[in-house]
Amino acid sequence: MVKIARGGYLNKHRSAIFGIAALIILIGHSQGFLGAFPESFSSIIGYGGIGVTMFAFLSGIGLKQSLDKNPDLKRYYTRRVIRVLIPYLIIAGITYVERDLLYLHDIGRFFSDLSCISYWTAGRGAWYVAWTVPVYIIYPFYHWMRNKSKQKAWLPIVILVLLTAICFIVERIGSNMISRFSSPIGATIAFIIGDAVARKVVEDDKHILYYLLIGFVIAPLYILRVIYGDVIYTWFFALCGVALVSGFSLLVSLIEKTRFYRWLCTCGSASLEIYLFNLLWIGIADRFFEGYKTSLIGVAVYVGVFIATLISALLYKKVENRIVTK
């Protein structure tokens, strides 16, 4: 039975929105196999990466509410290890054993990938985990600083300004670096916004409409190239992720009593597993079907990766829940 948090729209439907975000990522991650379609179609599918900033925004809300409710750091870190680190080590471990050890016979690459060092040095691997682990480690300190401050708005504002400045500097250093750092910076922006509005999410549903307006304004401006650049791109992904979470929280309230809603909640409970298994299946498909990405076979592979990811992630989560309950 999936537990659904109570409160405002965002709190009440958070599991379902996590599920939607996971499916959006799943749709976007395998766009390379859709070469048989026009490039414009693949470009649209590629925006599926915005699901990760949805994850980050929801995580900011969740961690803030969790520490406000129970500031016990031992409990906080234990839950993060169980929810993030253990699934990552198991699923990513399978991924990297298969690719780095069995296929490439490179033990150094295996440890570099598994530790997420390879993302920061070579742009390779599960960047969301490479971002999540350090953010989750330092978040209690950030939470403590905000609670101690009389002017609670100054710290997130300062950090958002610093992140924008870092993004601008990295953009000037080189395009390869900005492509590697823009996603973590965008996720951090969304996370900081989530933390900042966590209490309002419970107290006042009307704020959802304000988040929606942000996405409505920046999305067409960026897509139509009225404003552009890597810094704008980073903020675009962050703010549109916030807007999508807000919009979907209103939409899923209309289907709350349906089986599809419950299924979305189930996917939400396995959102990290969906992300990780998707990387595993994409890697395998890339190796065996590299030459078919511009054909209908590539489309079939795309569908196969989608289905295999869902089945493996949901089965893993089912087994995990049985082990935990025992």
# chains A, B, ... in the order shown; residues from 1 in each chain; ligands from 1
>>> closest_atom_pairs(of="stretch 54-140 of chain A", to="stretch 240-264 of chain A", cutoff="9 Å", atoms="only C-alpha atoms", output="tab-separated table")
residue	atom	partner	partner_atom	distance
A:Met54	CA	A:Gly241	CA	4.7
A:Phe55	CA	A:Gly241	CA	8.4
A:Ala56	CA	A:Gly241	CA	8.6
A:Phe57	CA	A:Val242	CA	6.3
A:Leu58	CA	A:Val245	CA	8.0
>>> closest_atom_pairs(of="stretch 9-72 of chain A", to="stretch 288-298 of chain A", cutoff="10 Å", atoms="only C-alpha atoms", output="JSON lines")
{"residue": "A:Ser30", "atom": "CA", "partner": "A:Gly298", "partner_atom": "CA", "distance": 9.8}
{"residue": "A:Gln31", "atom": "CA", "partner": "A:Lys293", "partner_atom": "CA", "distance": 9.4}
{"residue": "A:Gly32", "atom": "CA", "partner": "A:Lys293", "partner_atom": "CA", "distance": 6.6}
{"residue": "A:Phe33", "atom": "CA", "partner": "A:Lys293", "partner_atom": "CA", "distance": 4.4}
{"residue": "A:Leu34", "atom": "CA", "partner": "A:Gly298", "partner_atom": "CA", "distance": 6.2}
{"residue": "A:Gly35", "atom": "CA", "partner": "A:Thr294", "partner_atom": "CA", "distance": 3.9}
{"residue": "A:Ala36", "atom": "CA", "partner": "A:Thr294", "partner_atom": "CA", "distance": 4.5}
{"residue": "A:Phe37", "atom": "CA", "partner": "A:Thr294", "partner_atom": "CA", "distance": 7.8}
>>> residues_around(residues="stretch 123-126 of chain A", least_positions_apart="2", cutoff="9 Å", atoms="only C-alpha atoms", output="JSON, numbers by chain")
{"A": [92, 113, 114, 116, 117, 118, 119, 120, 121, 128, 129, 130, 131, 176, 177, 179, 180, 181, 275, 276, 279]}
>>> write_last_selection(atoms="N, CA, C and O atoms", output="mmCIF file, in the first residue's frame")
data_model
loop_
_atom_site.group_PDB
_atom_site.id
_atom_site.type_symbol
_atom_site.label_atom_id
_atom_site.label_comp_id
_atom_site.auth_asym_id
_atom_site.auth_seq_id
_atom_site.Cartn_x
_atom_site.Cartn_y
_atom_site.Cartn_z
ATOM 1 N N ALA A 92 23.400 0.428 -9.628
ATOM 2 C CA ALA A 92 24.539 0.955 -10.387
ATOM 3 C C ALA A 92 25.697 -0.038 -10.354
ATOM 4 O O ALA A 92 26.465 -0.141 -11.322
ATOM 5 N N ASP A 113 33.378 5.155 -11.775
ATOM 6 C CA ASP A 113 31.957 5.286 -12.085
ATOM 7 C C ASP A 113 31.094 5.072 -10.849
ATOM 8 O O ASP A 113 30.150 5.826 -10.596
ATOM 9 N N LEU A 114 31.399 4.035 -10.088
ATOM 10 C CA LEU A 114 30.578 3.708 -8.926
ATOM 11 C C LEU A 114 30.636 4.806 -7.867
ATOM 12 O O LEU A 114 29.638 5.082 -7.195
ATOM 13 N N CYS A 116 30.984 7.909 -8.508
ATOM 14 C CA CYS A 116 30.474 9.127 -9.164
ATOM 15 C C CYS A 116 31.570 10.146 -9.467
ATOM 16 O O CYS A 116 31.279 11.251 -9.945
ATOM 17 N N ILE A 117 32.825 9.796 -9.188
ATOM 18 C CA ILE A 117 33.925 10.706 -9.518
ATOM 19 C C ILE A 117 33.971 10.950 -11.022
ATOM 20 O O ILE A 117 34.271 12.054 -11.485
ATOM 21 N N SER A 118 33.638 9.915 -11.798
ATOM 22 C CA SER A 118 33.731 10.019 -13.255
ATOM 23 C C SER A 118 32.774 11.063 -13.822
ATOM 24 O O SER A 118 33.029 11.610 -14.898
ATOM 25 N N TYR A 119 31.687 11.347 -13.109
ATOM 26 C CA TYR A 119 30.796 12.381 -13.635
ATOM 27 C C TYR A 119 31.471 13.747 -13.573
ATOM 28 O O TYR A 119 31.432 14.523 -14.546
ATOM 29 N N TRP A 120 32.102 14.042 -12.449
ATOM 30 C CA TRP A 120 32.715 15.357 -12.273
ATOM 31 C C TRP A 120 33.987 15.520 -13.102
ATOM 32 O O TRP A 120 34.360 16.639 -13.454
ATOM 33 N N THR A 121 34.647 14.411 -13.421
ATOM 34 C CA THR A 121 35.889 14.499 -14.189
ATOM 35 C C THR A 121 35.698 14.262 -15.679
ATOM 36 O O THR A 121 36.446 14.794 -16.494
ATOM 37 N N TYR A 128 22.598 12.505 -11.381
ATOM 38 C CA TYR A 128 21.646 12.851 -10.324
ATOM 39 C C TYR A 128 22.125 12.339 -8.966
ATOM 40 O O TYR A 128 21.987 13.033 -7.947
ATOM 41 N N VAL A 129 22.721 11.158 -8.941
ATOM 42 C CA VAL A 129 23.262 10.626 -7.695
ATOM 43 C C VAL A 129 24.527 11.379 -7.310
ATOM 44 O O VAL A 129 24.764 11.664 -6.126
ATOM 45 N N ALA A 130 25.354 11.719 -8.302
ATOM 46 C CA ALA A 130 26.565 12.512 -8.043
ATOM 47 C C ALA A 130 26.204 13.847 -7.407
ATOM 48 O O ALA A 130 26.980 14.399 -6.615
ATOM 49 N N TRP A 131 25.044 14.373 -7.747
ATOM 50 C CA TRP A 131 24.545 15.622 -7.148
ATOM 51 C C TRP A 131 23.856 15.370 -5.819
ATOM 52 O O TRP A 131 24.054 16.101 -4.841
ATOM 53 N N ASN A 176 32.236 22.341 -22.806
ATOM 54 C CA ASN A 176 32.200 20.995 -22.246
ATOM 55 C C ASN A 176 31.895 21.019 -20.753
ATOM 56 O O ASN A 176 31.163 20.184 -20.237
ATOM 57 N N MET A 177 32.458 21.994 -20.062
ATOM 58 C CA MET A 177 32.231 22.098 -18.626
ATOM 59 C C MET A 177 30.806 22.522 -18.317
ATOM 60 O O MET A 177 30.181 22.011 -17.385
ATOM 61 N N SER A 179 28.130 21.934 -20.021
ATOM 62 C CA SER A 179 27.215 20.821 -20.252
ATOM 63 C C SER A 179 27.247 19.846 -19.091
ATOM 64 O O SER A 179 26.265 19.155 -18.812
ATOM 65 N N ARG A 180 28.371 19.783 -18.379
ATOM 66 C CA ARG A 180 28.507 18.878 -17.242
ATOM 67 C C ARG A 180 27.925 19.465 -15.961
ATOM 68 O O ARG A 180 27.356 18.757 -15.139
ATOM 69 N N PHE A 181 28.044 20.779 -15.788
ATOM 70 C CA PHE A 181 27.654 21.401 -14.531
ATOM 71 C C PHE A 181 26.285 22.061 -14.561
ATOM 72 O O PHE A 181 25.733 22.371 -13.510
ATOM 73 N N TYR A 275 15.055 5.599 -12.481
ATOM 74 C CA TYR A 275 16.176 6.366 -13.039
ATOM 75 C C TYR A 275 17.408 5.484 -13.223
ATOM 76 O O TYR A 275 18.048 5.494 -14.286
ATOM 77 N N LEU A 276 17.734 4.693 -12.211
ATOM 78 C CA LEU A 276 18.956 3.885 -12.247
ATOM 79 C C LEU A 276 18.846 2.707 -13.211
ATOM 80 O O LEU A 276 19.783 2.432 -13.976
ATOM 81 N N LEU A 279 19.300 3.758 -16.828
ATOM 82 C CA LEU A 279 20.703 3.885 -17.249
ATOM 83 C C LEU A 279 21.294 2.522 -17.591
ATOM 84 O O LEU A 279 22.076 2.392 -18.541
#
>>> residues_around(residues="A:Tyr77", least_positions_apart="2", cutoff="12 Å", atoms="only C-alpha atoms", output="list in words")
Leu63, Ser66, Leu67, Pro71, Asp72, Leu73, Lys74, Arg75, Arg79, Arg80, Val81, Ile82, Arg83, Val84, Leu85, Val133, Pro134, Val135, Tyr136, Ile137, Ile138, Tyr139 and Pro140 of chain A
>>> select_by_dssp(residues="stretch 60-274 of chain A", states="alpha helix (DSSP H)", output="PyMOL selection string")
chain A and resi 60-69+73-80+86-96+107-114+117-122+127-148+154-173+175-203+207-223+230-252+259-269+271-274
>>> residues_around(residues="stretch 307-316 of chain A", least_positions_apart="6", cutoff="10 Å", atoms="only C-alpha atoms", output="list in words")
Ala22, Leu23, Leu26, Pro87, Ile91, Thr266, Cys267, Ser269, Ala270, Ser271, Leu272, Glu273, Ile274, Tyr275, Leu276, Phe277, Asn278, Leu279, Leu280, Trp281, Ile282 and Val301 of chain A
>>> residues_around(residues="stretch 145-155 of chain A", least_positions_apart="5", cutoff="10 Å", atoms="only C-alpha atoms", output="list in words")
Asp68, Tyr139, Pro140, Leu160, Val161, Ile192 and Ala196 of chain A
>>> closest_residue(among="A:Glu171, A:Phe191, A:Asp106, A:Ala198", to="A:Asp230", atoms="only C-alpha atoms")
A:Glu171
>>> residues_around(residues="stretch 165-168 of chain A", least_positions_apart="2", cutoff="10 Å", atoms="only C-alpha atoms", output="list in words")
Ile159, Leu160, Val161, Leu162, Leu163, Val170, Glu171, Arg172, Ile173, Met177, Ile178, Phe181, Ser182, Ile185, Gly186, Gly229, Asp230, Val231, Ile232, Thr234 and Trp235 of chain A
>>> write_last_selection(atoms="C-alpha atoms", output="compact mmCIF listing (two decimals), in the first residue's frame")
# COMPACT_ATOMS: atom_id res chain seq x y z
CA ILE A 159 23.18 30.84 -2.86
CA LEU A 160 21.02 31.36 -5.96
CA VAL A 161 23.13 34.38 -6.93
CA LEU A 162 26.34 32.38 -6.38
CA LEU A 163 25.01 29.47 -8.45
CA VAL A 170 31.79 27.88 -16.20
CA GLU A 171 30.10 28.95 -19.44
CA ARG A 172 33.00 31.29 -20.14
CA ILE A 173 35.60 28.60 -19.36
CA MET A 177 32.23 22.10 -18.63
CA ILE A 178 28.90 23.92 -18.80
CA PHE A 181 27.65 21.40 -14.53
CA SER A 182 24.44 23.02 -15.79
CA ILE A 185 23.31 23.69 -10.85
CA GLY A 186 19.76 23.66 -12.23
CA GLY A 229 22.36 31.05 -23.38
CA ASP A 230 23.63 28.40 -20.99
CA VAL A 231 22.80 30.39 -17.85
CA ILE A 232 19.24 30.96 -19.10
CA THR A 234 19.95 26.27 -16.47
CA TRP A 235 17.30 28.54 -14.95
>>> atom_distance(atom1="atom CA of A:Val324", atom2="atom CA of A:Phe141")
29.3 Å
>>> atom_distance(atom1="atom CA of A:Asn70", atom2="atom CA of A:Trp144")
12.6 Å
>>> closest_residue(among="A:Tyr88, A:Tyr210, A:Phe216, A:Tyr302", to="A:Asp286", atoms="only C-alpha atoms")
A:Tyr302
>>> atom_distance(atom1="atom CA of A:Tyr233", atom2="atom CA of A:Arg199")
27.9 Å
